[in-house]
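Pasting entry.cif here (mmCIF, C-alpha atoms and all ligand atoms):
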```cif
data_query
loop_
_atom_site.label_atom_id
_atom_site.label_comp_id
_atom_site.auth_asym_id
_atom_site.auth_seq_id
_atom_site.Cartn_x
_atom_site.Cartn_y
_atom_site.Cartn_z
CA MET V 583 111.03 143.01 145.00
CA SER V 584 111.59 142.97 148.76
CA ARG V 585 108.38 143.66 150.64
CA LEU V 586 107.15 144.11 154.20
CA THR V 587 103.55 143.42 155.15
CA VAL V 588 102.57 143.90 158.80
CA TYR V 589 99.48 142.40 160.42
CA ASN V 590 97.91 142.44 163.84
CA GLU V 591 98.50 138.90 165.08
CA ASN V 592 94.74 138.33 165.32
CA THR V 593 93.76 139.61 161.86
CA PRO V 594 95.78 137.79 159.18
CA ALA V 595 93.34 138.96 156.48
CA THR V 596 93.97 142.70 157.01
CA HIS V 597 97.36 144.32 156.91
CA ILE V 598 98.46 147.46 158.76
CA ILE V 599 101.50 148.22 156.62
CA ASP V 600 102.43 147.02 153.13
CA THR V 601 105.54 148.49 151.54
CA THR V 602 108.31 147.74 149.08
CA ASP V 603 110.25 150.87 150.04
CA SER V 604 113.53 149.63 151.50
CA THR V 605 113.98 152.69 153.72
CA GLU V 606 110.52 152.20 155.19
CA MET V 607 111.17 148.47 155.62
CA THR V 608 114.41 149.15 157.45
CA ARG V 609 112.72 151.68 159.73
CA ALA V 610 109.72 149.49 160.60
CA LEU V 611 111.86 146.43 161.27
CA LYS V 612 114.33 148.40 163.37
CA GLU V 613 111.45 149.21 165.74
CA ILE V 614 111.31 145.52 166.67
CA GLY V 615 115.09 145.13 166.83
CA VAL V 616 115.47 143.48 163.43
CA ARG V 617 118.25 144.66 161.14
CA PHE V 618 117.27 144.86 157.48
CA GLU V 619 119.48 146.35 154.80
CA ARG V 620 119.61 146.30 151.02
CA TRP V 621 123.10 145.35 149.89
CA THR V 622 124.37 144.25 146.50
CA ALA V 623 124.49 140.61 145.42
CA ASN V 624 125.41 140.32 141.77
CA ALA V 625 128.33 137.89 141.74
CA PRO V 626 127.71 135.21 139.08
CA LEU V 627 127.20 131.76 140.61
CA ALA V 628 127.07 128.55 138.57
CA LYS V 629 124.20 126.12 139.18
CA ASP V 630 126.76 123.72 140.61
CA ALA V 631 128.56 126.37 142.69
CA THR V 632 129.85 124.92 145.94
CA ASP V 633 129.42 126.52 149.35
CA ALA V 634 133.08 127.52 149.14
CA ASP V 635 132.42 129.24 145.80
CA VAL V 636 129.55 131.23 147.33
CA MET V 637 131.61 132.26 150.34
CA ALA V 638 134.56 133.22 148.15
CA ALA V 639 132.32 135.41 145.96
CA TYR V 640 131.10 137.32 149.01
CA SER V 641 134.14 137.17 151.27
CA ALA V 642 134.29 140.95 151.73
CA ASP V 643 130.68 141.07 153.00
CA ILE V 644 131.30 138.10 155.28
CA GLU V 645 134.40 139.63 156.78
CA ARG V 646 132.60 142.93 157.35
CA LEU V 647 129.76 141.24 159.22
CA LYS V 648 132.16 139.16 161.29
CA ALA V 649 134.16 142.24 162.25
CA GLU V 650 131.03 144.23 163.14
CA ASN V 651 129.27 141.63 165.23
CA GLY V 652 131.78 138.96 166.23
CA TYR V 653 130.12 136.07 164.40
CA GLN V 654 132.31 132.98 164.60
CA SER V 655 130.78 130.66 162.03
CA VAL V 656 129.65 131.00 158.43
CA ASP V 657 127.93 128.57 156.13
CA VAL V 658 125.72 128.53 153.04
CA ILE V 659 122.18 127.25 152.62
CA ARG V 660 121.36 126.65 148.98
CA VAL V 661 118.12 125.06 147.79
CA LEU V 662 117.17 124.88 144.13
CA PRO V 663 113.70 123.99 142.79
CA ASP V 664 114.73 120.47 141.75
CA ASN V 665 116.03 119.55 145.21
CA PRO V 666 114.40 116.17 146.03
CA LYS V 667 114.27 117.14 149.71
CA ARG V 668 112.59 120.50 149.11
CA ASP V 669 109.38 119.61 150.99
CA GLU V 670 111.32 118.43 154.02
CA LEU V 671 113.59 121.47 153.92
CA ARG V 672 110.63 123.82 153.62
CA GLY V 673 108.74 122.17 156.46
CA LYS V 674 111.66 122.38 158.86
CA PHE V 675 111.23 126.07 159.74
CA LEU V 676 107.60 126.62 158.77
CA SER V 677 106.42 126.51 162.40
CA GLU V 678 107.03 129.25 164.93
CA HIS V 679 110.35 128.98 166.75
CA THR V 680 113.19 130.93 168.35
CA HIS V 681 116.96 130.55 168.44
CA ASP V 682 119.42 131.26 171.24
CA ASP V 683 121.58 133.08 168.70
CA ASP V 684 120.90 135.84 166.17
CA GLU V 685 119.65 134.49 162.82
CA VAL V 686 121.67 136.39 160.24
CA ARG V 687 121.03 135.85 156.54
CA PHE V 688 122.53 137.49 153.50
CA PHE V 689 120.43 136.54 150.48
CA VAL V 690 122.68 136.24 147.43
CA GLN V 691 120.23 134.44 145.10
CA GLY V 692 116.51 133.85 145.02
CA SER V 693 114.15 134.74 147.85
CA GLY V 694 112.38 133.59 151.01
CA MET V 695 109.78 134.84 153.45
CA PHE V 696 110.50 135.61 157.10
CA TYR V 697 107.57 136.03 159.48
CA LEU V 698 108.53 137.84 162.68
CA HIS V 699 105.97 137.54 165.49
CA THR V 700 106.47 140.17 168.14
CA ASN V 701 104.63 143.01 169.93
CA GLY V 702 101.25 141.55 168.96
CA ARG V 703 102.07 141.79 165.27
CA VAL V 704 103.35 139.62 162.44
CA TYR V 705 105.96 141.21 160.17
CA MET V 706 105.91 139.27 156.92
CA THR V 707 109.19 140.10 155.19
CA LEU V 708 109.95 138.97 151.65
CA CYS V 709 113.73 138.90 151.36
CA GLU V 710 115.40 138.81 147.96
CA ALA V 711 118.93 138.73 146.58
CA GLY V 712 120.90 141.60 148.12
CA ASP V 713 118.96 141.66 151.40
CA LEU V 714 120.62 141.30 154.77
CA ILE V 715 118.37 140.43 157.69
CA SER V 716 119.30 139.76 161.30
CA VAL V 717 116.64 138.36 163.62
CA PRO V 718 117.72 138.81 167.24
CA ALA V 719 118.02 135.80 169.55
CA GLY V 720 114.71 134.97 171.20
CA VAL V 721 112.41 136.67 168.66
CA THR V 722 109.64 134.26 167.64
CA HIS V 723 109.50 133.71 163.89
CA TRP V 724 109.07 131.23 161.07
CA PHE V 725 110.37 131.00 157.51
CA ASP V 726 108.89 129.89 154.18
CA MET V 727 111.18 129.06 151.25
CA SER V 728 108.14 128.15 149.04
CA ALA V 729 107.16 124.85 147.43
CA SER V 730 109.51 125.57 144.56
CA PRO V 731 112.48 127.00 146.45
CA PHE V 732 115.22 129.05 144.88
CA ILE V 733 117.43 130.38 147.60
CA THR V 734 121.10 130.90 148.28
CA CYS V 735 121.84 132.45 151.65
CA ILE V 736 125.00 133.04 153.60
CA ARG V 737 124.34 132.34 157.28
CA LEU V 738 126.40 133.74 160.10
CA PHE V 739 126.20 132.74 163.74
CA MET V 740 128.07 132.71 167.02
CA THR V 741 127.95 128.97 167.66
CA PRO V 742 126.34 126.04 165.82
CA ALA V 743 124.38 125.25 169.02
CA GLY V 744 122.79 128.70 168.96
CA TRP V 745 121.21 127.94 165.62
CA VAL V 746 119.04 125.05 166.89
CA ALA V 747 115.30 125.85 166.59
CA ASN V 748 113.26 125.95 169.80
CA PHE V 749 109.69 125.37 168.65
CA THR V 750 107.00 127.27 170.57
CA GLY V 751 104.08 124.97 169.73
CA ASN V 752 102.06 128.01 168.59
CA THR V 753 100.19 127.23 165.36
CA ILE V 754 99.89 130.90 164.33
CA ALA V 755 101.92 130.26 161.15
CA ASP V 756 99.01 128.27 159.73
CA ALA V 757 96.79 131.37 159.74
CA PHE V 758 99.06 133.57 157.65
CA PRO V 759 99.60 133.61 153.87
CA LYS V 760 102.29 131.29 152.58
CA TYR V 761 105.12 132.49 150.37
CA GLU V 762 103.26 131.75 147.11
CA LYS V 763 100.29 133.91 147.99
CA GLN V 764 102.32 136.94 148.98
CA ALA V 765 105.14 136.83 146.46
CA ALA V 766 102.93 136.16 143.44
FE FE X 801 114.78 130.52 162.45
#
```
Show this structure as structure tokens.
Amino acid sequence: MSRLTVYNENTPATHIIDTTDSTEMTRALKEIGVRFERWTANAPLAKDATDADVMAAYSADIERLKAENGYQSVDVIRVLPDNPKRDELRGKFLSEHTHDDDEVRFFVQGSGMFYLHTNGRVYMTLCEAGDLISVPAGVTHWFDMSASPFITCIRLFMTPAGWVANFTGNTIADAFPKYEKQAA
């Protein structure tokens, strides 16, 4: 179940907010400029579904987001537990970074954990199938897909260059619970 746990950035052992209520999650995340919405993602996808298959299954959602926000590019990130590169893929975004573009994800299978670091707080957000999240450009964050990843996300962005990670060098991510601890 989707879940938001908020911490003061200096006290990763004690949370301020912990909720699975989607209305409450949407409200709390909106306060920091992050869009979070529960949509529906129940199109059947084969284990060997291609990116084109995923995009075709959710074309109406993709077109709606493009029309609303002017996103130019769409792709699919899909990582299954038996992916031989799972450790490398997980490690790529596990350190705090920003992007010059919004980071928009529609989760259509599986789950992943976003950590948004802003206003002196860390917003740990477990996203599951059906969740739409949009992290504004410049907001510091990291992402954990877990050691045994199962995730299919549709990604939308303005330009491929805007999606490059700018790492901050802050090691704060090391102090907070990893996906396994929180989602268990
Ligand atoms: Fe990111």
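Within the 9 Å cut-off around V:Tyr589, using only C-alpha atoms and omitting residues fewer than 4 positions from it on the same chain, the listed residues are Thr593, Pro594, Ala595, Thr596, His597, Ile598, Ile599, Gly702, Arg703, Val704, Tyr705 and Met706 of chain V.
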Each chain V residue no farther than 7 Å from ligand FE 801 (chain X), nearest pair in Å, all atoms listed in the file, as a tab-separated table:
```
residue	atom	partner	partner_atom	distance
V:Phe675	CA	X:FE801	FE	6.3
V:His679	CA	X:FE801	FE	6.4
V:Thr680	CA	X:FE801	FE	6.1
V:His681	CA	X:FE801	FE	6.4
V:Glu685	CA	X:FE801	FE	6.3
V:His723	CA	X:FE801	FE	6.3
V:Trp724	CA	X:FE801	FE	5.9
V:Phe725	CA	X:FE801	FE	6.6
V:Ala747	CA	X:FE801	FE	6.3
```
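Taking atom CA of V:Trp621 and atom CA of V:Cys709 as endpoints, the distance between them is 11.5 Å.
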**Message:** Quick check, in Å to one decimal: how far apart do atom CA of V:Glu606 and atom CA of V:Thr587 lie?
**Reply:** 11.2 Å
**Asked** With all atoms listed in the file as the atoms that count, which of V:Asp657, V:Glu613, V:Gln691, V:Thr605 lies nearest to V:Pro626?
**Response** V:Gln691
**Complete:** Expressed in Å, the length from atom CA of V:Lys629 to atom CA of V:Glu710 is 17.8 Å
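Minimum atom-to-atom distances from V:Thr601, V:Thr622, V:Ser677, V:Ser716 to V:Thr750 were compared using only C-alpha atoms, and the lowest value belongs to V:Ser677.
Candidate residues V:Ala711, V:Ala743, V:Ala631, V:Leu738 were compared for distance to V:Asn651, and the nearest is V:Leu738, using all atoms listed in the file.
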With all atoms listed in the file counted, which protein, DNA or RNA residues have an atom no more than 7 Å from (109.6, 146.0, 154.3) in the file frame? Please answer as a tab-separated table (two decimals) with C-alpha atoms, in the frame of the given file.
```tsv
chain	number	residue	atom	x	y	z
V	584	SER	CA	111.59	142.97	148.76
V	585	ARG	CA	108.38	143.66	150.64
V	586	LEU	CA	107.15	144.11	154.20
V	587	THR	CA	103.55	143.42	155.15
V	601	THR	CA	105.54	148.49	151.54
V	602	THR	CA	108.31	147.74	149.08
V	603	ASP	CA	110.25	150.87	150.04
V	604	SER	CA	113.53	149.63	151.50
V	606	GLU	CA	110.52	152.20	155.19
V	607	MET	CA	111.17	148.47	155.62
V	608	THR	CA	114.41	149.15	157.45
V	707	THR	CA	109.19	140.10	155.19
```
Quick one: residues within 7 Å of (118.2, 138.9, 159.5) (file frame), counting all atoms listed in the file, please, as an mmCIF file with C-alpha atoms, in the coordinates of the input.
```cif
data_model
loop_
_atom_site.group_PDB
_atom_site.id
_atom_site.type_symbol
_atom_site.label_atom_id
_atom_site.label_comp_id
_atom_site.auth_asym_id
_atom_site.auth_seq_id
_atom_site.Cartn_x
_atom_site.Cartn_y
_atom_site.Cartn_z
ATOM 1 C CA VAL V 616 115.470 143.480 163.430
ATOM 2 C CA ARG V 617 118.250 144.660 161.140
ATOM 3 C CA PHE V 618 117.270 144.860 157.480
ATOM 4 C CA GLU V 685 119.650 134.490 162.820
ATOM 5 C CA VAL V 686 121.670 136.390 160.240
ATOM 6 C CA ARG V 687 121.030 135.850 156.540
ATOM 7 C CA LEU V 714 120.620 141.300 154.770
ATOM 8 C CA ILE V 715 118.370 140.430 157.690
ATOM 9 C CA SER V 716 119.300 139.760 161.300
ATOM 10 C CA VAL V 717 116.640 138.360 163.620
#
```
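Of the residues listed (V:Met637, V:Met740, V:Ala623, V:Met583), V:Met583 shows the shortest atom-to-atom separation from V:Met695; distances use all atoms listed in the file.
For the residues V:Phe732, V:Phe739, V:Arg668, V:Lys763, ranking by smallest atom-to-atom distance to V:Lys648 using only C-alpha atoms places V:Phe739 first.
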**Fill in**
With distances taken over only C-alpha atoms, the candidate from V:Leu647, V:Val658, V:Gly751, V:Thr700 nearest V:Arg737 is V:Val658
Near V:Thr632, counting all atoms listed in the file, which residues have an atom at most 12 Å away, once you skip same-chain residues fewer than 3 positions from it, shown as a short mmCIF file (atom, residue, chain, number, x, y, z; two decimals) with C-alpha atoms, in the coordinates of the input?
```
data_model
loop_
_atom_site.label_atom_id
_atom_site.label_comp_id
_atom_site.auth_asym_id
_atom_site.auth_seq_id
_atom_site.Cartn_x
_atom_site.Cartn_y
_atom_site.Cartn_z
CA LEU V 627 127.20 131.76 140.61
CA ALA V 628 127.07 128.55 138.57
CA LYS V 629 124.20 126.12 139.18
CA ASP V 635 132.42 129.24 145.80
CA VAL V 636 129.55 131.23 147.33
CA MET V 637 131.61 132.26 150.34
CA ALA V 638 134.56 133.22 148.15
CA ALA V 639 132.32 135.41 145.96
CA ASP V 657 127.93 128.57 156.13
CA VAL V 658 125.72 128.53 153.04
CA ILE V 659 122.18 127.25 152.62
CA ARG V 660 121.36 126.65 148.98
CA VAL V 661 118.12 125.06 147.79
CA THR V 734 121.10 130.90 148.28
#
```
**Asked** If we count all atoms listed in the file, what is near V:Asp669 at a cut-off of 10 Å, once residues fewer than 4 positions away on the same chain are taken out, given as a list in words?
**Response** Asn665, Gly673, Lys674, Met727, Ser728, Ala729, Ser730 and Pro731 of chain V
Can you tell me, as AutoDock Vina command-line options, the centre and edge lengths (Å, one decimal) of the axis-aligned box enclosing all of stretch 703-711 of chain V's listed atoms after padding each side by 5 Å?
```
--center_x 110.5 --center_y 140.3 --center_z 155.9 --size_x 26.9 --size_y 13.1 --size_z 28.7
```
Please extract stretch 675-694 of chain V and write it out with N, CA, C and O atoms, as a PDB file, in the first residue's frame.
```
ATOM      1  N   PHE V 675      20.592   5.722  -8.506  1.00  0.00           N
ATOM      2  CA  PHE V 675      19.836   6.880  -7.992  1.00  0.00           C
ATOM      3  C   PHE V 675      19.654   6.833  -6.476  1.00  0.00           C
ATOM      4  O   PHE V 675      18.770   7.474  -5.937  1.00  0.00           O
ATOM      5  N   LEU V 676      20.535   6.066  -5.815  1.00  0.00           N
ATOM      6  CA  LEU V 676      20.413   5.878  -4.369  1.00  0.00           C
ATOM      7  C   LEU V 676      21.096   6.989  -3.576  1.00  0.00           C
ATOM      8  O   LEU V 676      21.011   7.024  -2.356  1.00  0.00           O
ATOM      9  N   SER V 677      21.779   7.895  -4.266  1.00  0.00           N
ATOM     10  CA  SER V 677      22.392   9.054  -3.609  1.00  0.00           C
ATOM     11  C   SER V 677      21.617  10.304  -3.981  1.00  0.00           C
ATOM     12  O   SER V 677      21.024  10.389  -5.072  1.00  0.00           O
ATOM     13  N   GLU V 678      21.669  11.286  -3.087  1.00  0.00           N
ATOM     14  CA  GLU V 678      20.871  12.496  -3.289  1.00  0.00           C
ATOM     15  C   GLU V 678      21.279  13.233  -4.570  1.00  0.00           C
ATOM     16  O   GLU V 678      22.464  13.416  -4.846  1.00  0.00           O
ATOM     17  N   HIS V 679      20.268  13.660  -5.327  1.00  0.00           N
ATOM     18  CA  HIS V 679      20.522  14.361  -6.584  1.00  0.00           C
ATOM     19  C   HIS V 679      19.335  15.260  -6.930  1.00  0.00           C
ATOM     20  O   HIS V 679      18.297  15.224  -6.269  1.00  0.00           O
ATOM     21  N   THR V 680      19.520  16.050  -7.963  1.00  0.00           N
ATOM     22  CA  THR V 680      18.429  16.846  -8.540  1.00  0.00           C
ATOM     23  C   THR V 680      18.423  16.608 -10.050  1.00  0.00           C
ATOM     24  O   THR V 680      19.350  16.020 -10.605  1.00  0.00           O
ATOM     25  N   HIS V 681      17.366  17.089 -10.685  1.00  0.00           N
ATOM     26  CA  HIS V 681      17.304  17.117 -12.151  1.00  0.00           C
ATOM     27  C   HIS V 681      16.905  18.524 -12.586  1.00  0.00           C
ATOM     28  O   HIS V 681      16.263  19.253 -11.828  1.00  0.00           O
ATOM     29  N   ASP V 682      17.256  18.876 -13.810  1.00  0.00           N
ATOM     30  CA  ASP V 682      16.858  20.188 -14.345  1.00  0.00           C
ATOM     31  C   ASP V 682      15.426  20.147 -14.863  1.00  0.00           C
ATOM     32  O   ASP V 682      14.880  21.177 -15.267  1.00  0.00           O
ATOM     33  N   ASP V 683      14.840  18.970 -14.882  1.00  0.00           N
ATOM     34  CA  ASP V 683      13.496  18.763 -15.414  1.00  0.00           C
ATOM     35  C   ASP V 683      12.636  18.140 -14.307  1.00  0.00           C
ATOM     36  O   ASP V 683      13.170  17.575 -13.353  1.00  0.00           O
ATOM     37  N   ASP V 684      11.334  18.208 -14.427  1.00  0.00           N
ATOM     38  CA  ASP V 684      10.474  17.469 -13.505  1.00  0.00           C
ATOM     39  C   ASP V 684      10.757  15.974 -13.659  1.00  0.00           C
ATOM     40  O   ASP V 684      11.069  15.504 -14.758  1.00  0.00           O
ATOM     41  N   GLU V 685      10.653  15.227 -12.552  1.00  0.00           N
ATOM     42  CA  GLU V 685      10.765  13.762 -12.629  1.00  0.00           C
ATOM     43  C   GLU V 685       9.353  13.217 -12.453  1.00  0.00           C
ATOM     44  O   GLU V 685       8.809  13.221 -11.348  1.00  0.00           O
ATOM     45  N   VAL V 686       8.758  12.779 -13.534  1.00  0.00           N
ATOM     46  CA  VAL V 686       7.371  12.326 -13.533  1.00  0.00           C
ATOM     47  C   VAL V 686       7.348  10.815 -13.730  1.00  0.00           C
ATOM     48  O   VAL V 686       7.938  10.299 -14.679  1.00  0.00           O
ATOM     49  N   ARG V 687       6.674  10.126 -12.804  1.00  0.00           N
ATOM     50  CA  ARG V 687       6.616   8.664 -12.876  1.00  0.00           C
ATOM     51  C   ARG V 687       5.183   8.208 -12.666  1.00  0.00           C
ATOM     52  O   ARG V 687       4.548   8.579 -11.692  1.00  0.00           O
ATOM     53  N   PHE V 688       4.726   7.358 -13.581  1.00  0.00           N
ATOM     54  CA  PHE V 688       3.460   6.668 -13.370  1.00  0.00           C
ATOM     55  C   PHE V 688       3.797   5.201 -13.157  1.00  0.00           C
ATOM     56  O   PHE V 688       4.301   4.529 -14.058  1.00  0.00           O
ATOM     57  N   PHE V 689       3.562   4.723 -11.935  1.00  0.00           N
ATOM     58  CA  PHE V 689       3.883   3.340 -11.583  1.00  0.00           C
ATOM     59  C   PHE V 689       2.762   2.437 -12.102  1.00  0.00           C
ATOM     60  O   PHE V 689       1.623   2.576 -11.668  1.00  0.00           O
ATOM     61  N   VAL V 690       3.088   1.518 -13.008  1.00  0.00           N
ATOM     62  CA  VAL V 690       2.052   0.633 -13.534  1.00  0.00           C
ATOM     63  C   VAL V 690       2.213  -0.811 -13.036  1.00  0.00           C
ATOM     64  O   VAL V 690       1.288  -1.608 -13.153  1.00  0.00           O
ATOM     65  N   GLN V 691       3.386  -1.132 -12.467  1.00  0.00           N
ATOM     66  CA  GLN V 691       3.580  -2.434 -11.813  1.00  0.00           C
ATOM     67  C   GLN V 691       4.607  -2.258 -10.699  1.00  0.00           C
ATOM     68  O   GLN V 691       5.521  -1.431 -10.818  1.00  0.00           O
ATOM     69  N   GLY V 692       4.477  -3.048  -9.653  1.00  0.00           N
ATOM     70  CA  GLY V 692       5.497  -3.069  -8.623  1.00  0.00           C
ATOM     71  C   GLY V 692       5.504  -1.816  -7.775  1.00  0.00           C
ATOM     72  O   GLY V 692       4.466  -1.170  -7.580  1.00  0.00           O
ATOM     73  N   SER V 693       6.693  -1.475  -7.264  1.00  0.00           N
ATOM     74  CA  SER V 693       6.787  -0.339  -6.337  1.00  0.00           C
ATOM     75  C   SER V 693       8.220   0.171  -6.264  1.00  0.00           C
ATOM     76  O   SER V 693       9.161  -0.484  -6.724  1.00  0.00           O
ATOM     77  N   GLY V 694       8.360   1.332  -5.633  1.00  0.00           N
ATOM     78  CA  GLY V 694       9.678   1.934  -5.410  1.00  0.00           C
ATOM     79  C   GLY V 694       9.534   3.057  -4.402  1.00  0.00           C
ATOM     80  O   GLY V 694       8.430   3.560  -4.168  1.00  0.00           O
TER      81      GLY V 694
END
```
